[in-house]
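Enquirer: Hey, dropping structure_39.cif in here, mmCIF, C-alpha atoms:
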data_query
loop_
_atom_site.label_atom_id
_atom_site.label_comp_id
_atom_site.auth_asym_id
_atom_site.auth_seq_id
_atom_site.Cartn_x
_atom_site.Cartn_y
_atom_site.Cartn_z
CA MET H 75 -16.66 21.00 16.59
CA ILE H 76 -13.37 22.35 15.31
CA GLY H 77 -12.90 26.10 15.12
CA ASN H 78 -12.83 28.07 11.89
CA ARG H 79 -9.11 28.72 12.17
CA SER H 80 -8.33 25.01 12.52
CA THR H 81 -10.69 24.17 9.66
CA SER H 82 -9.00 26.72 7.41
CA LEU H 83 -5.58 25.39 8.37
CA LEU H 84 -6.62 21.85 7.57
CA ALA H 85 -8.15 22.85 4.24
CA THR H 86 -4.83 24.45 3.28
CA SER H 87 -3.00 21.33 4.43
CA ILE H 88 -5.29 19.07 2.38
CA ALA H 89 -4.69 21.12 -0.78
CA PHE H 90 -0.92 21.10 -0.22
CA LEU H 91 -0.75 17.39 0.60
CA ALA H 92 -3.00 16.48 -2.34
CA ILE H 93 -0.54 18.14 -4.70
CA THR H 94 2.39 16.52 -2.87
CA ILE H 95 0.89 13.02 -3.09
CA LEU H 96 0.09 13.35 -6.77
CA LEU H 97 3.60 14.58 -7.57
CA THR H 98 5.47 12.17 -5.32
CA SER H 99 6.84 8.89 -6.63
CA THR H 100 5.77 6.12 -4.28
CA ALA H 101 7.94 3.08 -3.73
CA PHE H 102 6.62 -0.32 -2.81
CA ALA H 103 4.43 -0.11 0.22
CA THR H 104 4.66 -3.33 2.22
CA THR H 105 1.96 -5.97 1.82
CA GLY H 106 2.59 -6.39 -1.90
CA TYR H 107 2.09 -2.81 -3.05
CA PHE H 108 -0.51 -1.89 -0.38
CA SER H 109 0.39 0.17 2.67
CA LEU H 110 0.78 -1.56 6.03
CA GLY H 111 -1.82 0.76 7.58
CA GLN H 112 -3.00 4.35 7.84
CA GLY H 113 -2.16 6.80 10.60
CA THR H 114 0.95 6.93 12.77
CA GLY H 115 -0.60 5.07 15.70
CA ASN H 116 -1.95 2.37 13.41
CA ILE H 117 1.47 1.87 11.76
CA ALA H 118 3.11 1.60 15.20
CA MET H 119 0.70 -1.25 16.01
CA GLY H 120 1.60 -3.22 12.88
CA GLY H 121 -1.44 -1.92 11.01
CA ALA H 122 -3.93 -3.57 13.39
CA GLY H 123 -6.92 -1.25 13.76
CA VAL H 124 -10.18 -2.52 12.23
CA ALA H 125 -11.64 -2.70 15.77
CA PHE H 126 -9.39 -0.12 17.42
CA PRO H 127 -9.80 3.44 16.05
CA LEU H 128 -7.09 5.87 17.13
CA GLU H 129 -7.49 9.00 14.97
CA SER H 130 -9.26 10.41 11.90
CA LEU H 131 -7.30 8.23 9.46
CA SER H 132 -8.73 5.14 11.15
CA ALA H 133 -11.85 5.69 9.04
CA THR H 134 -9.90 4.79 5.88
CA TYR H 135 -9.45 1.33 7.38
CA ASN H 136 -12.97 0.99 8.79
CA PRO H 137 -15.49 3.72 7.94
CA ALA H 138 -17.63 2.73 10.94
CA SER H 139 -14.86 4.11 13.18
CA ALA H 140 -15.87 7.73 12.59
CA ALA H 141 -18.98 7.50 14.80
CA PHE H 142 -16.81 6.64 17.82
CA LEU H 143 -14.16 9.29 17.17
CA PRO H 144 -14.34 12.87 18.48
CA ALA H 145 -14.04 15.88 16.22
CA GLY H 146 -10.42 16.36 15.25
CA TYR H 147 -7.77 16.12 12.56
CA SER H 148 -4.40 14.55 11.82
CA VAL H 149 -1.59 15.62 9.50
CA GLY H 150 1.41 13.37 8.96
CA ILE H 151 4.45 12.62 6.84
CA ALA H 152 6.34 9.35 6.49
CA LEU H 153 9.78 8.71 5.04
CA PHE H 154 9.81 5.32 3.35
CA SER H 155 13.03 3.61 2.22
CA PRO H 156 13.08 0.36 0.23
CA ASP H 157 16.25 -1.53 -0.72
CA ARG H 158 15.37 -3.57 -3.82
CA SER H 159 17.65 -5.54 -6.10
CA TYR H 160 17.84 -8.48 -8.48
CA THR H 161 20.66 -10.91 -9.19
CA VAL H 162 21.03 -13.00 -12.35
CA THR H 163 23.18 -16.13 -12.07
CA GLY H 164 24.26 -17.96 -15.21
CA LYS H 165 25.13 -16.75 -18.70
CA PRO H 166 22.58 -16.41 -21.50
CA SER H 167 22.42 -19.49 -23.69
CA GLY H 168 22.13 -17.57 -26.94
CA PHE H 169 19.73 -20.18 -28.30
CA PRO H 170 17.18 -18.91 -30.83
CA GLY H 171 13.91 -17.84 -29.22
CA THR H 172 15.38 -17.43 -25.71
CA PHE H 173 15.32 -14.24 -23.63
CA GLY H 174 18.55 -14.12 -21.64
CA LEU H 175 19.63 -11.50 -19.09
CA THR H 176 23.06 -10.09 -18.28
CA PRO H 177 24.52 -11.88 -15.21
CA GLY H 178 25.23 -9.92 -12.04
CA LYS H 179 23.56 -8.01 -9.22
CA VAL H 180 21.74 -4.70 -9.84
CA THR H 181 20.37 -2.47 -7.08
CA SER H 182 17.57 0.00 -7.69
CA LYS H 183 18.29 3.67 -7.12
CA SER H 184 15.84 6.21 -5.62
CA LYS H 185 16.05 5.16 -1.98
CA TYR H 186 13.82 7.64 -0.13
CA PHE H 187 10.15 8.50 -0.63
CA PRO H 188 7.96 10.95 1.34
CA MET H 189 4.39 9.71 1.98
CA PRO H 190 2.05 12.43 3.32
CA SER H 191 -1.44 11.94 4.79
CA VAL H 192 -4.20 14.10 6.24
CA GLY H 193 -7.63 13.41 7.72
CA MET H 194 -10.45 15.17 9.53
CA ASN H 195 -13.42 13.93 11.54
CA PHE H 196 -16.57 16.07 11.83
CA ARG H 197 -19.22 15.31 14.45
CA LEU H 198 -22.75 15.78 13.13
CA ASP H 199 -24.39 14.82 16.41
CA ASN H 200 -23.88 12.33 19.23
CA ALA H 201 -24.61 9.39 16.93
CA SER H 202 -23.02 10.27 13.59
CA ALA H 203 -19.95 11.73 11.95
CA VAL H 204 -18.44 12.56 8.56
CA ASN H 205 -14.78 11.85 7.88
CA ILE H 206 -12.56 13.12 5.06
CA SER H 207 -9.11 11.62 4.55
CA LEU H 208 -6.43 11.82 1.90
CA VAL H 209 -3.77 9.09 1.83
CA SER H 210 -1.13 7.51 -0.35
CA HIS H 211 -2.32 3.91 -0.47
CA GLY H 212 0.74 2.37 -2.00
CA GLY H 213 2.55 1.87 -5.25
CA MET H 214 5.64 0.43 -6.84
CA ASN H 215 8.95 1.88 -8.01
CA THR H 216 12.12 0.44 -9.53
CA ASP H 217 14.97 2.47 -10.95
CA TYR H 218 17.69 0.30 -12.44
CA ARG H 219 20.48 2.26 -14.14
CA THR H 220 21.34 -0.61 -16.47
CA ASP H 221 20.25 -2.47 -19.58
CA THR H 222 18.13 -5.02 -17.69
CA PHE H 223 16.31 -6.20 -20.80
CA TYR H 224 18.49 -5.79 -23.88
CA GLY H 225 17.73 -2.58 -25.75
CA SER H 226 16.55 -0.58 -22.73
CA GLY H 227 19.03 2.21 -23.33
CA GLY H 228 20.65 1.81 -19.93
CA HIS H 229 17.65 2.68 -17.76
CA THR H 230 14.92 0.24 -16.73
CA GLY H 231 12.06 0.52 -14.26
CA VAL H 232 8.50 1.46 -13.43
CA ASP H 233 6.90 4.10 -11.23
CA LEU H 234 3.35 3.69 -9.91
CA ALA H 235 1.90 6.13 -7.38
CA GLN H 236 -1.60 5.94 -5.89
CA ALA H 237 -3.62 8.59 -4.04
CA PHE H 238 -7.03 7.99 -2.43
CA VAL H 239 -9.64 10.41 -1.08
CA TYR H 240 -12.10 8.87 1.39
CA VAL H 241 -15.35 10.56 2.35
CA ALA H 242 -17.04 8.47 5.06
CA TYR H 243 -20.37 8.66 6.83
CA SER H 244 -20.76 6.66 10.04
CA ARG H 245 -23.75 6.31 12.37
CA LYS H 246 -24.37 4.42 15.58
CA ILE H 247 -27.19 1.92 15.14
CA ALA H 248 -27.13 1.28 18.88
CA GLU H 249 -25.20 2.77 21.77
CA LYS H 250 -22.15 0.53 21.19
CA HIS H 251 -22.51 -0.41 17.52
CA SER H 252 -21.98 1.55 14.32
CA LEU H 253 -22.07 1.14 10.56
CA GLY H 254 -20.18 3.22 8.04
CA VAL H 255 -19.70 3.70 4.31
CA SER H 256 -16.98 5.55 2.42
CA GLY H 257 -17.01 6.93 -1.07
CA ILE H 258 -13.54 6.61 -2.59
CA VAL H 259 -11.90 8.65 -5.32
CA ALA H 260 -8.76 6.89 -6.59
CA TYR H 261 -5.96 8.37 -8.70
CA GLN H 262 -2.96 6.59 -10.19
CA ARG H 263 0.12 7.80 -12.02
CA PHE H 264 2.45 5.47 -13.93
CA LYS H 265 5.43 5.36 -16.24
CA ALA H 266 7.66 2.57 -17.56
CA THR H 267 11.12 2.69 -19.14
CA GLY H 268 13.41 0.14 -20.72
CA LEU H 269 10.88 -2.47 -21.90
CA GLN H 270 11.68 -2.27 -25.62
CA ALA H 271 12.79 -5.91 -25.67
CA PHE H 272 9.16 -6.94 -25.12
CA SER H 273 7.98 -5.16 -28.29
CA PRO H 274 7.54 -8.43 -30.25
CA PHE H 275 5.15 -9.58 -27.50
CA SER H 276 3.08 -6.36 -27.43
CA SER H 277 -0.28 -5.66 -29.07
CA ASN H 278 0.75 -2.00 -29.37
CA PRO H 279 4.55 -1.51 -29.21
CA ALA H 280 4.18 2.27 -29.50
CA HIS H 281 2.32 2.24 -26.17
CA LEU H 282 4.54 -0.22 -24.33
CA THR H 283 7.33 1.81 -22.75
CA ASN H 284 9.16 5.16 -22.56
CA ASN H 285 6.03 7.28 -22.92
CA GLY H 286 6.43 9.36 -19.76
CA TYR H 287 3.77 9.59 -17.08
CA ASP H 288 0.16 8.68 -17.65
CA SER H 289 -2.73 8.82 -15.19
CA SER H 290 -5.94 6.95 -14.43
CA HIS H 291 -8.81 7.40 -12.01
CA GLY H 292 -11.71 5.49 -10.58
CA PHE H 293 -14.49 5.53 -7.99
CA GLY H 294 -15.29 2.96 -5.35
CA PHE H 295 -16.63 2.45 -1.86
CA LYS H 296 -15.94 0.68 1.43
CA VAL H 297 -18.39 -0.48 4.09
CA GLY H 298 -17.66 -1.24 7.73
CA TYR H 299 -18.98 -2.29 11.12
CA LEU H 300 -17.64 -1.57 14.61
CA GLY H 301 -19.11 -2.89 17.84
CA TYR H 302 -18.16 -2.87 21.51
CA ILE H 303 -19.32 -6.25 22.82
CA THR H 304 -18.15 -5.32 26.32
CA PRO H 305 -16.31 -2.22 27.56
CA ASP H 306 -13.07 -4.21 27.11
CA LEU H 307 -13.77 -6.06 23.83
CA SER H 308 -14.51 -4.63 20.38
CA ILE H 309 -14.91 -6.25 16.98
CA GLY H 310 -14.85 -4.74 13.50
CA ALA H 311 -15.03 -5.59 9.83
CA SER H 312 -14.66 -3.78 6.52
CA TYR H 313 -14.94 -4.59 2.83
CA ALA H 314 -13.96 -2.67 -0.29
CA PRO H 315 -14.83 -4.22 -3.67
CA LYS H 316 -12.54 -3.84 -6.67
CA ILE H 317 -12.22 -0.32 -8.02
CA THR H 318 -12.40 -0.30 -11.82
CA MET H 319 -9.89 2.28 -13.03
CA SER H 320 -9.72 4.12 -16.33
CA ARG H 321 -7.03 2.91 -18.74
CA PHE H 322 -3.42 4.00 -18.95
CA LYS H 323 -3.68 4.87 -22.66
CA LYS H 324 0.05 5.47 -23.01
CA TYR H 325 0.63 1.91 -21.77
CA SER H 326 -2.18 0.11 -23.55
CA GLY H 327 0.45 -2.18 -25.08
CA LEU H 328 1.76 -3.23 -21.66
CA PHE H 329 -1.11 -3.77 -19.23
CA ALA H 330 -3.85 -6.30 -19.99
CA GLU H 331 -7.25 -5.14 -21.25
CA GLY H 332 -5.80 -2.17 -23.12
CA GLY H 333 -4.00 -0.53 -20.20
CA LYS H 334 -6.23 -1.41 -17.23
CA PHE H 335 -4.70 -1.43 -13.74
CA ASP H 336 -7.60 -1.88 -11.31
CA VAL H 337 -7.46 -1.63 -7.51
CA PRO H 338 -8.01 -5.08 -5.93
CA SER H 339 -10.81 -5.84 -3.48
CA VAL H 340 -9.92 -6.06 0.22
CA VAL H 341 -11.73 -7.60 3.19
CA ALA H 342 -10.61 -7.18 6.80
CA VAL H 343 -11.84 -8.26 10.24
CA GLY H 344 -10.39 -7.47 13.66
CA LEU H 345 -10.80 -7.41 17.38
CA ALA H 346 -9.34 -5.43 20.27
CA TYR H 347 -9.19 -6.45 23.92
CA SER H 348 -8.08 -4.62 27.06
CA PRO H 349 -7.12 -7.15 29.77
CA VAL H 350 -6.27 -4.21 32.07
CA LYS H 351 -7.13 -0.52 31.84
CA THR H 352 -3.66 0.53 30.64
CA LEU H 353 -3.17 -2.14 27.97
CA THR H 354 -4.97 -2.88 24.68
CA ILE H 355 -4.16 -5.72 22.29
CA ALA H 356 -5.52 -5.53 18.73
CA SER H 357 -5.43 -8.19 16.03
CA ASP H 358 -6.54 -8.09 12.37
CA TYR H 359 -6.93 -10.48 9.47
CA LYS H 360 -6.93 -9.01 5.97
CA ARG H 361 -7.19 -10.55 2.50
CA ILE H 362 -6.08 -8.73 -0.64
CA HIS H 363 -7.37 -10.12 -3.94
CA TYR H 364 -4.56 -9.15 -6.31
CA THR H 365 -6.02 -11.45 -8.97
CA ASP H 366 -8.90 -8.94 -9.30
CA ALA H 367 -6.50 -6.77 -11.30
CA HIS H 368 -5.63 -8.83 -14.39
CA SER H 369 -2.51 -6.78 -15.09
CA VAL H 370 -1.24 -7.83 -11.68
CA GLY H 371 -2.68 -11.34 -11.36
CA ASN H 372 -2.27 -12.78 -14.88
CA PRO H 373 0.83 -15.02 -15.07
CA LEU H 374 3.68 -14.40 -17.50
CA LEU H 375 3.39 -17.90 -18.94
CA PRO H 376 1.54 -19.26 -20.75
CA ASN H 377 -0.18 -15.87 -21.28
CA LEU H 378 2.82 -14.35 -23.07
CA MET H 379 2.53 -17.08 -25.69
CA THR H 380 -1.27 -17.08 -26.02
CA ALA H 381 -2.10 -13.35 -25.94
CA LEU H 382 -0.09 -10.22 -26.64
CA LEU H 383 0.76 -7.74 -23.89
CA GLY H 384 -2.06 -5.23 -23.58
CA ALA H 385 -4.68 -7.62 -24.95
CA ASP H 386 -7.40 -9.33 -22.96
CA GLY H 387 -5.66 -12.21 -21.26
CA GLY H 388 -2.27 -10.58 -21.77
CA ALA H 389 0.60 -11.45 -19.44
CA GLY H 390 0.92 -9.76 -16.05
CA PHE H 391 3.01 -10.05 -12.92
CA GLY H 392 1.44 -13.30 -11.72
CA TRP H 393 0.71 -12.11 -8.18
CA ARG H 394 -1.38 -14.32 -5.91
CA ASP H 395 -4.13 -13.30 -3.49
CA ILE H 396 -2.62 -12.97 -0.02
CA ASN H 397 -3.64 -13.24 3.62
CA VAL H 398 -2.28 -10.65 6.06
CA TYR H 399 -2.13 -11.18 9.84
CA LYS H 400 -1.49 -8.27 12.22
CA ILE H 401 -1.14 -7.87 15.96
CA GLY H 402 -0.45 -4.72 17.95
CA MET H 403 -0.21 -3.56 21.55
CA GLN H 404 -0.86 -0.16 23.11
CA TYR H 405 0.27 0.70 26.63
CA GLN H 406 -0.84 3.95 28.28
CA PRO H 407 0.50 4.18 31.84
CA GLY H 408 -0.69 7.78 32.31
CA HIS H 409 -2.12 10.77 30.48
CA ASP H 410 1.02 12.12 28.78
CA TRP H 411 2.57 9.11 27.02
CA ILE H 412 1.24 6.23 24.90
CA TRP H 413 3.57 3.39 23.79
CA ARG H 414 2.92 0.96 20.93
CA LEU H 415 4.39 -2.21 19.37
CA GLY H 416 3.26 -4.31 16.42
CA PHE H 417 3.97 -7.15 14.03
CA SER H 418 2.50 -8.07 10.64
CA THR H 419 3.06 -11.06 8.40
CA ASN H 420 1.63 -11.92 5.01
CA ASP H 421 1.73 -14.62 2.35
CA GLN H 422 4.29 -14.26 -0.42
CA PRO H 423 2.45 -12.67 -3.39
CA ILE H 424 5.10 -13.58 -6.00
CA PRO H 425 5.57 -17.25 -7.03
CA ASP H 426 9.09 -18.35 -7.94
CA SER H 427 7.84 -18.94 -11.49
CA GLU H 428 7.18 -15.20 -11.93
CA VAL H 429 10.60 -13.71 -11.15
CA LEU H 430 11.39 -12.42 -14.65
CA PHE H 431 8.67 -9.78 -15.01
CA ASN H 432 8.79 -9.02 -11.27
CA ILE H 433 12.28 -7.62 -11.62
CA LEU H 434 10.15 -4.53 -12.26
CA ALA H 435 7.97 -5.09 -9.17
CA PRO H 436 9.81 -7.10 -6.48
CA GLY H 437 7.13 -6.80 -3.77
CA VAL H 438 8.42 -9.82 -1.83
CA ILE H 439 8.23 -8.51 1.77
CA GLU H 440 6.56 -10.89 4.25
CA HIS H 441 7.27 -9.63 7.80
CA HIS H 442 7.08 -6.19 9.45
CA TYR H 443 8.14 -5.07 12.93
CA THR H 444 6.82 -1.76 14.25
CA ALA H 445 7.00 0.52 17.29
CA GLY H 446 6.05 4.05 18.25
CA PHE H 447 4.59 6.48 20.75
CA SER H 448 2.34 9.49 21.21
CA LYS H 449 3.10 12.47 23.44
CA VAL H 450 0.29 14.71 24.66
CA LEU H 451 1.30 18.36 24.42
CA GLY H 452 0.72 19.89 27.84
CA GLY H 453 -2.91 19.86 28.90
CA SER H 454 -4.18 20.31 25.34
CA ARG H 455 -6.05 17.94 23.02
CA ALA H 456 -3.04 17.88 20.70
CA ARG H 457 -0.54 15.06 20.29
CA VAL H 458 2.70 14.40 18.48
CA ASN H 459 2.88 10.83 17.20
CA PHE H 460 5.85 8.80 15.98
CA ALA H 461 6.21 5.34 14.42
CA VAL H 462 8.96 3.23 12.87
CA MET H 463 8.65 0.13 10.71
CA TYR H 464 11.35 -2.39 9.79
CA ALA H 465 10.81 -5.13 7.20
CA PRO H 466 13.78 -7.52 6.98
CA THR H 467 15.06 -8.46 3.55
CA ALA H 468 13.02 -11.15 1.81
CA THR H 469 14.05 -13.14 -1.26
CA VAL H 470 12.20 -14.99 -4.01
CA ARG H 471 14.38 -17.17 -6.26
CA GLY H 472 13.41 -18.84 -9.52
CA ALA H 473 14.53 -19.77 -13.02
CA ASN H 474 14.37 -17.39 -15.97
CA PRO H 475 11.28 -18.89 -17.66
CA LEU H 476 12.28 -17.60 -21.11
CA GLU H 477 15.73 -19.21 -21.08
CA ALA H 478 16.87 -22.78 -21.61
CA PRO H 479 16.01 -24.95 -18.58
CA GLY H 480 18.58 -24.58 -15.81
CA GLN H 481 20.47 -21.86 -17.69
CA GLN H 482 19.73 -18.77 -15.56
CA ARG H 483 18.45 -18.10 -12.03
CA ILE H 484 16.94 -14.80 -10.86
CA ASP H 485 16.92 -13.67 -7.21
CA LEU H 486 14.58 -10.83 -6.19
CA LYS H 487 15.32 -9.06 -2.90
CA LEU H 488 13.54 -6.33 -0.95
CA GLY H 489 14.04 -4.87 2.51
CA GLU H 490 12.39 -1.74 3.94
CA TRP H 491 12.22 0.74 6.76
CA GLN H 492 9.89 3.63 7.43
CA ALA H 493 9.70 6.48 9.94
CA GLU H 494 6.55 8.55 10.37
CA VAL H 495 5.60 11.59 12.40
CA SER H 496 2.21 13.26 12.71
CA TYR H 497 0.35 15.96 14.60
CA SER H 498 -3.19 15.27 15.72
CA VAL H 499 -5.84 17.26 17.55
CA GLY H 500 -8.89 15.83 19.28
CA PHE H 501 -7.76 12.25 19.85
#
Could you rewrite the structure in this file as C-alpha cells?
Expert:
Amino acid sequence: MIGNRSTSLLATSIAFLAITILLTSTAFATTGYFSLGQGTGNIAMGGAGVAFPLESLSATYNPASAAFLPAGYSVGIALFSPDRSYTVTGKPSGFPGTFGLTPGKVTSKSKYFPMPSVGMNFRLDNASAVNISLVSHGGMNTDYRTDTFYGSGGHTGVDLAQAFVYVAYSRKIAEKHSLGVSGIVAYQRFKATGLQAFSPFSSNPAHLTNNGYDSSHGFGFKVGYLGYITPDLSIGASYAPKITMSRFKKYSGLFAEGGKFDVPSVVAVGLAYSPVKTLTIASDYKRIHYTDAHSVGNPLLPNLMTALLGADGGAGFGWRDINVYKIGMQYQPGHDWIWRLGFSTNDQPIPDSEVLFNILAPGVIEHHYTAGFSKVLGGSRARVNFAVMYAPTATVRGANPLEAPGQQRIDLKLGEWQAEVSYSVGF
C-alpha cells in the first residue's frame, strides 16, 4: 500500500487538478472530440491499451486493468495545440432566403491548452483493487475573431470542456483473468458566441448564444474484461453506454432536446503480444457512437427546416459514428529506460455536407503519430514519463448548404500536436 504521506500528497493533487480541469478550456481532443488515450505511456503508444495496462490511468480505458496493477499513482500534464481554420471560397449570392458567408480564410485563436490528469490504484488484496482517476476526456474550442455569421459582433466560437471522475473496482475471477466496473461522474462546461444569425431558426433565441458559461453533469458506468491467454498474449474489452447529461439551460435554444449534450457510448477491444521479452505490440479497435448525442449526430439539413434549434429533432453537427484503429509498440532493453511508438487512425466524423455548422467544431483529424519514453529514477519505484503526438492537417471540403448551388465552398482544416509529461510511482 502507499504511505500516508504519498496519499496526502495525491489527495492535494487531485483537488488542485480537479479545479484546474474544470477551469481550463479544452480544445478538440483528437478522435472527433474524444481524447486519443489516457496516461503518458498510453498516449505514446497511439492510445492502444485495452489489453496492456501501464499505470493507474489505464483503468479509465479498461476498469479490469486495476486488478493487475500494483498500488501506485500517476500525476501528469499535457500541452495540447490545435491549428484550426476555415476558408470560404465564392461570394454570397444575396438571393432571398440564402445564408452567405464572407469569403476568405480565418484561423482560430487560443492555440495552447493544458490538460491535467491524476490517478491512483489501491490494492485491497491479491485479487482485487480500487482505482480513482480524474481526467479531461476531451472537448471542442473555436475562437474566431471575426463576423463568421453576420451579426456576431466580431467574435464567433464555442468552448466545451469535459472532466470525468472514474471510480473502478476490479477483481480477478481466475489467476489470469479479471473483470472490472467503473462508476463515472461527468461534468461539462460550455459557452457559445456569435450565433445571432441563427435566431430565426431557434426555438428560444434568448438561450441561443452569448450567455456565458453554463454547466451540465451526468452519471454513467463502464465495464471491462482483461485476460492473459498465455504469458505473452493478453486480450481485453470495455464498454461504456451513453451518459445522459443534464441540460445546458442557457443554450436550450441551440442544442437539441432543450439543451442536451450527452456523452456517446464507446466500445473497445484490444490485444497485446510480446514476441520477445523486451518487446510488446498492442493493438486496439474502438467505436464511438456520436449519433447517441442528438446535438452532435443530428444533421443540419433537413432538420433546420423541419424543427427549430433546441427542439426535439433540432439540427446538430451531423457527426457520424466512427471506427478507431490503434497500434503501439513498447521496447524495454533494460531496467532504466522504456521506449514507445504508436499510430492511430479513425474514420472521418464530419461529412462534406455538414461543413457550415462545423465551422464551430472542425474535428476532422484522422491520423495520429506518437512516441515517448519512461525513465526509472535510480533504484526507486518512481518514473518520469514523456509522450508526443502529431496529427497532420486534415481537410473536409463541401458546399455551403444554405447558399445557391455552387455559389460558395467551405474548407475546414485542423492539425494538432501534443506533449505530455507525468510522474508515476509503483509502475
Enquirer: Starting from the PyMOL selection byres ((chain H and resi 460) around 6), expand the selection into actual residues of this file and give them as a list in words.
Expert: Gly446, Phe447, Asn459, Ala461, Glu494 and Val495 of chain H
Enquirer: Could you work out how far CA of Pro156 (chain H) lies from CA of Ser418 (chain H), giving the answer in Å with one decimal?
Expert: 17.1 Å
Enquirer: Using the chain letters and numbering of this document, enumerate as a ChimeraX atom specification the residues selected by the PyMOL selection byres ((chain H and resi 390) around 6).
Expert: /H:369-370,372-374,389,391-392
Enquirer: Can you check which parts of region 336-442 of chain H lie within 12 Å of region 191-212 of chain H? Per residue, the shortest pair of atoms and distance in Å to one decimal, counting all atoms listed in the file, sorted by chain and number, as JSON lines.
Expert:
{"residue": "H:Val337", "atom": "CA", "partner": "H:His211", "partner_atom": "CA", "distance": 10.3}
{"residue": "H:Pro338", "atom": "CA", "partner": "H:His211", "partner_atom": "CA", "distance": 12.0}
{"residue": "H:Gly437", "atom": "CA", "partner": "H:Gly212", "partner_atom": "CA", "distance": 11.3}
Enquirer: For those residues, write C-alpha atoms to a file as an mmCIF file, keeping the file's coordinate frame.
Expert:
data_model
loop_
_atom_site.group_PDB
_atom_site.id
_atom_site.type_symbol
_atom_site.label_atom_id
_atom_site.label_comp_id
_atom_site.auth_asym_id
_atom_site.auth_seq_id
_atom_site.Cartn_x
_atom_site.Cartn_y
_atom_site.Cartn_z
ATOM 1 C CA VAL H 337 -7.460 -1.630 -7.510
ATOM 2 C CA PRO H 338 -8.010 -5.080 -5.930
ATOM 3 C CA GLY H 437 7.130 -6.800 -3.770
#
Enquirer: Name the residues in contact with Ile247 (chain H) at a cut-off of 12 Å, using only C-alpha atoms, excluding same-chain residues fewer than 6 positions from it; report them as a list in words.
Expert: Ala138, Ala141, Phe142, Asn200, Ala201, Ser202, Leu253, Gly254, Tyr299, Leu300 and Gly301 of chain H
Enquirer: On this structure, which residues satisfy the PyMOL selection byres ((chain H and resi 404) around 6), written as a PyMOL selection string?
Expert: chain H and resi 353-354+403+405+413-414
Enquirer: Identify which of the residues H:Gly123, H:Gly257, H:Val162, H:Pro425 lies closest to Leu110 (chain H), counting all atoms listed in the file when measuring atom-to-atom distances.
Expert: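 Under the stated criterion, the closest residue is H:Gly123.
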Enquirer: Restricting the calculation to all atoms listed in the file, which member of H:Gly332, H:Gly327, H:Pro170, H:Gly344 is positioned closest to Ser312 (chain H)?
Expert: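 Of H:Gly332, H:Gly327, H:Pro170, H:Gly344, the one nearest Ser312 (chain H) is H:Gly344, counting all atoms listed in the file.
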Enquirer: What gap, in Å, lies between CA of Ala478 (chain H) and CA of Leu175 (chain H)?
Expert: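 Going from CA of Ala478 (chain H) over to CA of Leu175 (chain H) covers 11.9 Å.
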Enquirer: Mind giving me the straight-line distance from CA of His368 (chain H) to CA of Ala314 (chain H) in Å, one decimal?
Expert: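 Straight-line distance from CA of His368 (chain H) to CA of Ala314 (chain H) works out to 17.5 Å.
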Enquirer: Which protein, DNA or RNA residues have an atom at most 7 Å from (5.2, 10.8, 23.9), counting all atoms listed in the file? List them as a list in words.
Expert: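 With a cut-off of 7 Å, the residues come to Asp410, Trp411, Ile412, Phe447, Ser448, Lys449, Val450 and Val458 of chain H.
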Enquirer: Restricting the output to C-alpha atoms, write the selected residues as a short mmCIF file (atom, residue, chain, number, x, y, z; two decimals), in the frame of the given file.
Expert:
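What ended up in part_21.cif:
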data_model
loop_
_atom_site.label_atom_id
_atom_site.label_comp_id
_atom_site.auth_asym_id
_atom_site.auth_seq_id
_atom_site.Cartn_x
_atom_site.Cartn_y
_atom_site.Cartn_z
CA ASP H 410 1.02 12.12 28.78
CA TRP H 411 2.57 9.11 27.02
CA ILE H 412 1.24 6.23 24.90
CA PHE H 447 4.59 6.48 20.75
CA SER H 448 2.34 9.49 21.21
CA LYS H 449 3.10 12.47 23.44
CA VAL H 450 0.29 14.71 24.66
CA VAL H 458 2.70 14.40 18.48
#
Enquirer: Would you mind telling me which residue in H:Asp233, H:Thr161, H:Leu328, H:Gln492 lies nearest to Thr469 (chain H) when using all atoms listed in the file?
Expert: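 So, comparing all the options, the nearest one is H:Thr161.
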Enquirer: Here's a test: counting only C-alpha atoms, identify every protein, DNA and RNA residue with an atom at most 6 Å from (-6.4, 19.0, 14.1) in the file's coordinate frame, and state them as a ChimeraX atom specification.
Expert: /H:146-148,498-499
Enquirer: Selection from above, C-alpha atoms, as a tab-separated table (two decimals), in the frame of the given file, can you write it?
Expert:
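Contents of out_26.tsv, as written:
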chain	number	residue	atom	x	y	z
H	146	GLY	CA	-10.42	16.36	15.25
H	147	TYR	CA	-7.77	16.12	12.56
H	148	SER	CA	-4.40	14.55	11.82
H	498	SER	CA	-3.19	15.27	15.72
H	499	VAL	CA	-5.84	17.26	17.55
Enquirer: Atoms are missing here; could region 254-259 of chain H be completed with N, CA, C and O atoms and written as an mmCIF file, keeping the file's coordinate frame?
Expert:
data_model
loop_
_atom_site.group_PDB
_atom_site.id
_atom_site.type_symbol
_atom_site.label_atom_id
_atom_site.label_comp_id
_atom_site.auth_asym_id
_atom_site.auth_seq_id
_atom_site.Cartn_x
_atom_site.Cartn_y
_atom_site.Cartn_z
ATOM 1 N N GLY H 254 -20.748 2.106 8.793
ATOM 2 C CA GLY H 254 -20.180 3.220 8.040
ATOM 3 C C GLY H 254 -19.996 2.863 6.584
ATOM 4 O O GLY H 254 -19.875 1.684 6.218
ATOM 5 N N VAL H 255 -19.966 3.884 5.735
ATOM 6 C CA VAL H 255 -19.700 3.700 4.310
ATOM 7 C C VAL H 255 -18.832 4.851 3.828
ATOM 8 O O VAL H 255 -19.029 6.005 4.240
ATOM 9 N N SER H 256 -17.862 4.535 2.998
ATOM 10 C CA SER H 256 -16.980 5.550 2.420
ATOM 11 C C SER H 256 -17.128 5.575 0.912
ATOM 12 O O SER H 256 -17.158 4.517 0.266
ATOM 13 N N GLY H 257 -17.214 6.766 0.358
ATOM 14 C CA GLY H 257 -17.010 6.930 -1.070
ATOM 15 C C GLY H 257 -15.529 7.155 -1.311
ATOM 16 O O GLY H 257 -14.860 7.843 -0.532
ATOM 17 N N ILE H 258 -14.978 6.548 -2.358
ATOM 18 C CA ILE H 258 -13.540 6.610 -2.590
ATOM 19 C C ILE H 258 -13.274 7.156 -3.990
ATOM 20 O O ILE H 258 -13.850 6.695 -4.973
ATOM 21 N N VAL H 259 -12.414 8.158 -4.055
ATOM 22 C CA VAL H 259 -11.900 8.650 -5.320
ATOM 23 C C VAL H 259 -10.439 8.203 -5.412
ATOM 24 O O VAL H 259 -9.632 8.524 -4.537
#
